[in-house]
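Taking it in order: structure first as structure tokens, then the write-up.
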Amino acid sequence: MAETIIQTRNLSKRFADGNLALEGIDLDIYAGEIFGIIGKSGAGKSTLARCLNLLEKPTGGEVFFGGESLSTLKGKALYQRRQGMGMIFQQFNLFMQRSVLDNVRFPMEIAGFARRAARVRAEELLELVKLGEKADSFPARLSGGQRQRVAIARALALNPRVLICDEATSALDPETTRDILALLRDINERFQITMVMITHEMQVVQGVCHRVAVLDQSRLAETGPVREVFSNPQSKAAQALLLGEERSAALLLQFLKEKGLSLEEVLSRV
Amino acid sequence: MYEFAQMLLKGLGESLYMTLSSTVLAYLFGLPLGILLVVTEPSGLAPRPWLNSALGLVVNSARSVPFLILLVAVLPFTRAIVGTTIGTTATIVPLVLGAAPFIARLVESSLKEVDQGVVEAALAMGASPLQIVLKVLLPEAGPSLILGSAIAVTTILGYSALAGFVGGGGLGDIAIRFGYYRYQKDTMLVTVLLLVVLVQLFQGFGMRLAKRSDKRL
């Protein structure tokens, strides 16, 4: 069995307003895998993602990163551990007043890299995400897909062992989603970076994830290899997710029928 | 006529001196205070709810004192610092005291405009609260801070005109002495016009600078 890089034990989070977001979460994420966390909105996915790097402080249980418990870390020690985990977001969260290059350079500035070394590495990373010629542009001038590429380059700047992707493709159109997923898969294969993909989209999980955890009403409903969970869902929540997909497929077919179109016809045009 | 022009020129110089040096000094206090107000909020980077409420109370109290009353109330303090209570330099003390809390609120609202997601991204990269203030909040709020400073300058210019009442000099002093006390309506008109032009210039310059520095456009 592969090495476990992120582990949570009995993790729970109750917000100050009394709202219980997570309860008794036990996760084992293996080094090098792409691990999906899927669930409906409000299931606690984003909170779980934020507990992994302690952006949210868990109210119970523990989070381990590389075998070390994060829950008790504070200040500098915590900031340093976070530098070992990259994160990308649904809304990209780029620094709008910094150029593309300076966005990618930011984490290295924080970590105290020499200016020159940071510049060289930032340029390499922009090449990696195929945005080399946009180095001097500002984020406002980029498309959504390009912005997420900058965010990916920025998240990789400090050679993280883990990349947390919080709904990273949810604000993108289907084609751009495919591109970004392909890029993430490529990065995973080339650099063996573990990825945690938080999403509500089945095709993200089906497209790139090795294993998946289904989150339902603050609890883990089931965890397993993607193929197993999708072909033989054990929990009601996983079944509902799949059924939801089936239902939308059925609705789509019905819609096409009403319009007098066949699915083959539509697909051939795309 | 020549004397009148000279007097106006001197008043203009005094007004600019009072306004600009008060603005700079008021920012020395107001900027850190504004940052503290944002950072110590319960949901801020370094939550200190107790300190936050205390600072808020101090700022609000200072802001509720009418400037004319502040001007008189701090006379002993002014004397202790500047050595005198009359003249343009003496006016700078109450101007700074009056403007700093106002500037703190301006800075606070500019910093609060910064997208929380961007702050979260910086936190996820392992940035410390201090690094986030210096490298994220202030630069990202840049254009808004510049606009705020244009508002601050013009407001301080307005306050400084009141300084005429305590012999503070400047255009406001001229307007009050000649226009108000001696019924020289045309003098009053000219000085007020000059003040209008100054406000226009400061505001226009601030807006241009803010627009130019904003990379979102």
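Residue numbers start at 1 in each chain; chains themselves are named A, B, ... in the order of the structure tokens; ligands are numbered from 1 in the order shown.
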>> Residues near B:Glu14, anyone? I mean within 8 Å using only C-alpha atoms, not counting same-chain ones fewer than 5 positions away, as a list in words.
In response: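 Here the qualifying residues turn out to be Thr88, Gly169, Gly170 and Leu171 of chain B.
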Save out the residues we just selected, N, CA and C atoms, as a PDB file, in the first residue's frame.
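The file below, again05.pdb, is the result:
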```pdb
ATOM      1  N   THR B  88      -0.059  78.975  11.445  1.00  0.00           N
ATOM      2  CA  THR B  88      -0.369  77.790  10.635  1.00  0.00           C
ATOM      3  C   THR B  88       0.177  76.509  11.256  1.00  0.00           C
ATOM      4  N   GLY B 169      -4.387  81.334   9.935  1.00  0.00           N
ATOM      5  CA  GLY B 169      -3.881  81.678   8.618  1.00  0.00           C
ATOM      6  C   GLY B 169      -4.544  80.880   7.518  1.00  0.00           C
ATOM      7  N   GLY B 170      -4.075  81.117   6.289  1.00  0.00           N
ATOM      8  CA  GLY B 170      -4.625  80.394   5.151  1.00  0.00           C
ATOM      9  C   GLY B 170      -5.809  81.102   4.520  1.00  0.00           C
ATOM     10  N   LEU B 171      -6.337  80.502   3.478  1.00  0.00           N
ATOM     11  CA  LEU B 171      -7.432  81.118   2.719  1.00  0.00           C
ATOM     12  C   LEU B 171      -8.681  81.290   3.571  1.00  0.00           C
TER      13      LEU B 171
END
```
> Please, which residues of chain B lie no more than 10 Å from chain A when the count uses only C-alpha atoms, and can they be set out as a PyMOL selection string?
Replying inline: chain B and resi 114-129+131-132+135-137+139-143+213-217
Filtering to N, CA and C atoms, could you give me those residues as a PDB file, in the first residue's frame?
```pdb
ATOM      1  N   VAL B 114     -11.050  44.539  -0.276  1.00  0.00           N
ATOM      2  CA  VAL B 114     -10.207  43.498  -0.874  1.00  0.00           C
ATOM      3  C   VAL B 114     -10.917  42.147  -0.766  1.00  0.00           C
ATOM      4  N   ASP B 115     -10.954  41.443  -1.878  1.00  0.00           N
ATOM      5  CA  ASP B 115     -11.615  40.150  -1.973  1.00  0.00           C
ATOM      6  C   ASP B 115     -11.071  39.179  -0.917  1.00  0.00           C
ATOM      7  N   GLN B 116     -11.964  38.640  -0.093  1.00  0.00           N
ATOM      8  CA  GLN B 116     -11.548  37.695   0.958  1.00  0.00           C
ATOM      9  C   GLN B 116     -10.885  36.449   0.366  1.00  0.00           C
ATOM     10  N   GLY B 117     -11.313  36.076  -0.829  1.00  0.00           N
ATOM     11  CA  GLY B 117     -10.739  34.909  -1.484  1.00  0.00           C
ATOM     12  C   GLY B 117      -9.248  35.063  -1.723  1.00  0.00           C
ATOM     13  N   VAL B 118      -8.843  36.291  -2.056  1.00  0.00           N
ATOM     14  CA  VAL B 118      -7.429  36.564  -2.316  1.00  0.00           C
ATOM     15  C   VAL B 118      -6.636  36.437  -1.010  1.00  0.00           C
ATOM     16  N   VAL B 119      -7.238  36.915   0.076  1.00  0.00           N
ATOM     17  CA  VAL B 119      -6.587  36.789   1.382  1.00  0.00           C
ATOM     18  C   VAL B 119      -6.465  35.307   1.742  1.00  0.00           C
ATOM     19  N   GLU B 120      -7.523  34.566   1.466  1.00  0.00           N
ATOM     20  CA  GLU B 120      -7.506  33.137   1.766  1.00  0.00           C
ATOM     21  C   GLU B 120      -6.413  32.423   0.960  1.00  0.00           C
ATOM     22  N   ALA B 121      -6.267  32.822  -0.307  1.00  0.00           N
ATOM     23  CA  ALA B 121      -5.229  32.217  -1.150  1.00  0.00           C
ATOM     24  C   ALA B 121      -3.850  32.471  -0.537  1.00  0.00           C
ATOM     25  N   ALA B 122      -3.630  33.696  -0.076  1.00  0.00           N
ATOM     26  CA  ALA B 122      -2.337  34.030   0.521  1.00  0.00           C
ATOM     27  C   ALA B 122      -2.116  33.231   1.810  1.00  0.00           C
ATOM     28  N   LEU B 123      -3.186  33.079   2.597  1.00  0.00           N
ATOM     29  CA  LEU B 123      -3.076  32.271   3.823  1.00  0.00           C
ATOM     30  C   LEU B 123      -2.706  30.833   3.475  1.00  0.00           C
ATOM     31  N   ALA B 124      -3.352  30.303   2.425  1.00  0.00           N
ATOM     32  CA  ALA B 124      -3.087  28.920   2.022  1.00  0.00           C
ATOM     33  C   ALA B 124      -1.642  28.742   1.565  1.00  0.00           C
ATOM     34  N   MET B 125      -1.023  29.830   1.097  1.00  0.00           N
ATOM     35  CA  MET B 125       0.376  29.739   0.669  1.00  0.00           C
ATOM     36  C   MET B 125       1.329  29.852   1.848  1.00  0.00           C
ATOM     37  N   GLY B 126       0.789  30.059   3.023  1.00  0.00           N
ATOM     38  CA  GLY B 126       1.628  30.124   4.205  1.00  0.00           C
ATOM     39  C   GLY B 126       2.102  31.532   4.541  1.00  0.00           C
ATOM     40  N   ALA B 127       1.384  32.543   4.050  1.00  0.00           N
ATOM     41  CA  ALA B 127       1.771  33.917   4.370  1.00  0.00           C
ATOM     42  C   ALA B 127       1.362  34.242   5.806  1.00  0.00           C
ATOM     43  N   SER B 128       2.187  35.011   6.513  1.00  0.00           N
ATOM     44  CA  SER B 128       1.854  35.432   7.873  1.00  0.00           C
ATOM     45  C   SER B 128       0.928  36.645   7.796  1.00  0.00           C
ATOM     46  N   PRO B 129       0.218  36.944   8.876  1.00  0.00           N
ATOM     47  CA  PRO B 129      -0.673  38.117   8.855  1.00  0.00           C
ATOM     48  C   PRO B 129       0.053  39.390   8.429  1.00  0.00           C
ATOM     49  N   GLN B 131       2.715  39.668   6.522  1.00  0.00           N
ATOM     50  CA  GLN B 131       2.977  39.592   5.079  1.00  0.00           C
ATOM     51  C   GLN B 131       1.700  39.865   4.289  1.00  0.00           C
ATOM     52  N   ILE B 132       0.586  39.389   4.795  1.00  0.00           N
ATOM     53  CA  ILE B 132      -0.677  39.605   4.075  1.00  0.00           C
ATOM     54  C   ILE B 132      -1.044  41.088   4.067  1.00  0.00           C
ATOM     55  N   LYS B 135       1.815  42.744   1.710  1.00  0.00           N
ATOM     56  CA  LYS B 135       1.967  42.288   0.330  1.00  0.00           C
ATOM     57  C   LYS B 135       0.646  42.000  -0.368  1.00  0.00           C
ATOM     58  N   VAL B 136      -0.443  41.918   0.402  1.00  0.00           N
ATOM     59  CA  VAL B 136      -1.734  41.640  -0.239  1.00  0.00           C
ATOM     60  C   VAL B 136      -2.722  42.784  -0.011  1.00  0.00           C
ATOM     61  N   LEU B 137      -3.060  43.042   1.251  1.00  0.00           N
ATOM     62  CA  LEU B 137      -4.119  44.021   1.525  1.00  0.00           C
ATOM     63  C   LEU B 137      -3.788  45.405   0.978  1.00  0.00           C
ATOM     64  N   PRO B 139      -1.386  46.522  -1.270  1.00  0.00           N
ATOM     65  CA  PRO B 139      -1.298  46.644  -2.728  1.00  0.00           C
ATOM     66  C   PRO B 139      -2.637  46.426  -3.438  1.00  0.00           C
ATOM     67  N   GLU B 140      -3.410  45.452  -2.981  1.00  0.00           N
ATOM     68  CA  GLU B 140      -4.683  45.186  -3.660  1.00  0.00           C
ATOM     69  C   GLU B 140      -5.670  46.338  -3.446  1.00  0.00           C
ATOM     70  N   ALA B 141      -5.553  47.013  -2.302  1.00  0.00           N
ATOM     71  CA  ALA B 141      -6.456  48.130  -2.021  1.00  0.00           C
ATOM     72  C   ALA B 141      -5.895  49.438  -2.569  1.00  0.00           C
ATOM     73  N   GLY B 142      -4.726  49.389  -3.216  1.00  0.00           N
ATOM     74  CA  GLY B 142      -4.031  50.590  -3.666  1.00  0.00           C
ATOM     75  C   GLY B 142      -4.906  51.676  -4.283  1.00  0.00           C
ATOM     76  N   PRO B 143      -5.605  51.378  -5.382  1.00  0.00           N
ATOM     77  CA  PRO B 143      -6.405  52.414  -6.030  1.00  0.00           C
ATOM     78  C   PRO B 143      -7.446  53.013  -5.088  1.00  0.00           C
ATOM     79  N   SER B 213      -3.325  53.615 -11.556  1.00  0.00           N
ATOM     80  CA  SER B 213      -2.632  52.559 -10.806  1.00  0.00           C
ATOM     81  C   SER B 213      -3.439  51.266 -10.782  1.00  0.00           C
ATOM     82  N   ASP B 214      -4.704  51.335 -11.204  1.00  0.00           N
ATOM     83  CA  ASP B 214      -5.569  50.158 -11.076  1.00  0.00           C
ATOM     84  C   ASP B 214      -5.390  49.209 -12.250  1.00  0.00           C
ATOM     85  N   LYS B 215      -4.852  48.019 -11.952  1.00  0.00           N
ATOM     86  CA  LYS B 215      -4.572  47.057 -13.027  1.00  0.00           C
ATOM     87  C   LYS B 215      -5.786  46.238 -13.407  1.00  0.00           C
ATOM     88  N   ARG B 216      -6.917  46.504 -12.750  1.00  0.00           N
ATOM     89  CA  ARG B 216      -8.122  45.745 -13.089  1.00  0.00           C
ATOM     90  C   ARG B 216      -8.807  46.338 -14.309  1.00  0.00           C
ATOM     91  N   LEU B 217      -8.412  47.574 -14.670  1.00  0.00           N
ATOM     92  CA  LEU B 217      -9.096  48.266 -15.776  1.00  0.00           C
ATOM     93  C   LEU B 217      -8.459  47.920 -17.112  1.00  0.00           C
TER      94      LEU B 217
END
```
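Considering only stretch 38-75 of chain A, backbone DSSP assigns strand (DSSP E) to Ile38, Gly60, Gly61, Glu62, Val63, Phe64, Phe65, Glu68 and Ser69 of chain A.
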Residue subset to file, keeping N, CA and C atoms, as a compact mmCIF listing (two decimals), in the first residue's frame:
```txt
# COMPACT_ATOMS: atom_id res chain seq x y z
N ILE A 38 -16.56 14.33 -3.25
CA ILE A 38 -17.74 14.79 -3.95
C ILE A 38 -18.92 14.86 -2.99
N GLY A 60 -12.73 19.28 16.41
CA GLY A 60 -12.49 17.98 17.02
C GLY A 60 -11.67 17.10 16.08
N GLY A 61 -10.97 16.13 16.66
CA GLY A 61 -10.21 15.20 15.83
C GLY A 61 -8.90 15.79 15.36
N GLU A 62 -8.25 15.06 14.45
CA GLU A 62 -6.91 15.47 14.04
C GLU A 62 -6.72 15.42 12.54
N VAL A 63 -5.81 16.27 12.06
CA VAL A 63 -5.37 16.22 10.68
C VAL A 63 -3.87 15.94 10.68
N PHE A 64 -3.46 14.91 9.92
CA PHE A 64 -2.03 14.63 9.81
C PHE A 64 -1.56 14.91 8.39
N PHE A 65 -0.42 15.57 8.28
CA PHE A 65 0.17 15.83 6.97
C PHE A 65 1.59 15.26 7.02
N GLU A 68 2.58 14.07 10.48
CA GLU A 68 2.66 15.02 11.59
C GLU A 68 1.28 15.64 11.84
N SER A 69 0.91 15.73 13.09
CA SER A 69 -0.39 16.33 13.41
C SER A 69 -0.32 17.84 13.24
```
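The nearest approach to A:Gly39 among the residues A:Leu242, A:Val266, A:Val229, A:Val214, with only C-alpha atoms taken into account, belongs to A:Val214.
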>> Can you tell me which residues surround B:Gly168 at a distance of at most 12 Å, considering only C-alpha atoms, apart from same-chain residues fewer than 4 positions away, and format the answer as a ChimeraX atom specification?
In response: /B:11,14-15,17-19,71-72,84-95,159-164,172-174,176-177
>> So the first atom is atom CA of A:Ser170 and the second is atom CA of A:Glu264; what is the distance between them in Å, to one decimal place?
In response: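 Distance reported for this atom pair: 26.5 Å.
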Please list as a compact mmCIF listing (two decimals) with N, CA and C atoms, in the first residue's frame every residue within 12 Å of B:Pro32, counting only C-alpha atoms and excluding residues in the same chain fewer than 5 positions away.
```
# COMPACT_ATOMS: atom_id res chain seq x y z
N LEU B 25 0.95 63.78 8.14
CA LEU B 25 1.06 63.39 9.55
C LEU B 25 -0.15 62.57 9.99
N ALA B 26 -1.33 62.97 9.50
CA ALA B 26 -2.54 62.23 9.91
C ALA B 26 -2.50 60.80 9.39
N TYR B 27 -1.92 60.60 8.20
CA TYR B 27 -1.79 59.24 7.68
C TYR B 27 -0.81 58.41 8.51
N LEU B 37 -7.80 48.25 12.77
CA LEU B 37 -9.25 48.06 12.83
C LEU B 37 -9.68 46.85 12.01
N VAL B 38 -9.03 46.66 10.86
CA VAL B 38 -9.40 45.54 9.98
C VAL B 38 -8.85 44.22 10.52
N VAL B 39 -7.59 44.25 10.93
CA VAL B 39 -6.90 43.01 11.30
C VAL B 39 -7.43 42.43 12.61
N THR B 40 -7.85 43.31 13.54
CA THR B 40 -8.25 42.81 14.86
C THR B 40 -9.73 42.44 14.93
N LEU B 55 -10.65 50.25 20.05
CA LEU B 55 -10.19 51.16 18.99
C LEU B 55 -11.38 51.83 18.30
N ALA B 100 -6.96 62.10 11.73
CA ALA B 100 -6.45 60.73 11.84
C ALA B 100 -7.56 59.68 12.01
N PRO B 101 -8.54 59.90 12.90
CA PRO B 101 -9.60 58.88 13.03
C PRO B 101 -10.45 58.74 11.77
N ILE B 103 -9.33 59.28 8.74
CA ILE B 103 -8.49 58.53 7.80
C ILE B 103 -8.49 57.04 8.14
N ALA B 104 -8.47 56.75 9.45
CA ALA B 104 -8.50 55.34 9.86
C ALA B 104 -9.74 54.64 9.29
N ARG B 105 -10.87 55.32 9.34
CA ARG B 105 -12.11 54.73 8.79
C ARG B 105 -12.03 54.60 7.27
N LEU B 106 -11.44 55.61 6.61
CA LEU B 106 -11.27 55.53 5.15
C LEU B 106 -10.41 54.32 4.78
N VAL B 107 -9.29 54.18 5.50
CA VAL B 107 -8.37 53.07 5.24
C VAL B 107 -9.08 51.74 5.50
N GLU B 108 -9.81 51.71 6.63
CA GLU B 108 -10.54 50.49 6.98
C GLU B 108 -11.47 50.07 5.85
N LEU B 111 -9.56 48.71 2.80
CA LEU B 111 -9.00 47.37 2.99
C LEU B 111 -10.08 46.30 2.99
N VAL B 133 -0.83 41.76 5.21
CA VAL B 133 -1.11 43.19 5.24
C VAL B 133 -0.24 43.93 4.23
N LEU B 134 1.07 43.65 4.28
CA LEU B 134 2.02 44.42 3.46
C LEU B 134 1.99 44.03 2.00
N LEU B 138 -2.62 45.93 1.35
CA LEU B 138 -2.29 47.30 0.92
C LEU B 138 -2.16 47.41 -0.60
```
>> Can you pull out every residue from stretch 42-202 of chain B that DSSP, working from the backbone, puts in helix (DSSP H, G or I), and format the result as a ChimeraX atom specification?
In response: /B:49-64,67-73,75-82,88-112,116-124,129-140,142-166,171-180,185-202
>> Let me make sure I understand: among A:Asp17, A:Glu3, A:Glu127, A:Glu167, which one has the smallest atom-to-atom distance to A:Tyr30 if we use only C-alpha atoms?
In response: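 The shortest atom-to-atom distance to A:Tyr30 comes from A:Glu3.
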> Near A:Lys13, within 7 Å and counting only C-alpha atoms, which residues show up once chain neighbours fewer than 6 positions away are dropped, as a PyMOL selection string?
Replying inline: chain A and resi 20-23+58-60
> Using only C-alpha atoms, which residues sit within 8 Å of A:Ile34 once same-chain residues fewer than 6 positions away are excluded, as a PyMOL selection string?
Replying inline: chain A and resi 188+194-197+208-211
> Which residues come within 7 Å of stretch 187-196 of chain B, counting only C-alpha atoms, excluding same-chain residues fewer than 2 positions away, as number ranges by chain?
Replying inline: B: 171, 175, 178-179, 184-185, 198-200
> In Å, with one decimal, what is the gap from atom CA of A:Arg219 to atom CA of A:Ser231?
Replying inline: 21.3 Å
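Separating atom CA of A:Arg105 from atom CA of A:Ser143 is a distance of 20.2 Å.
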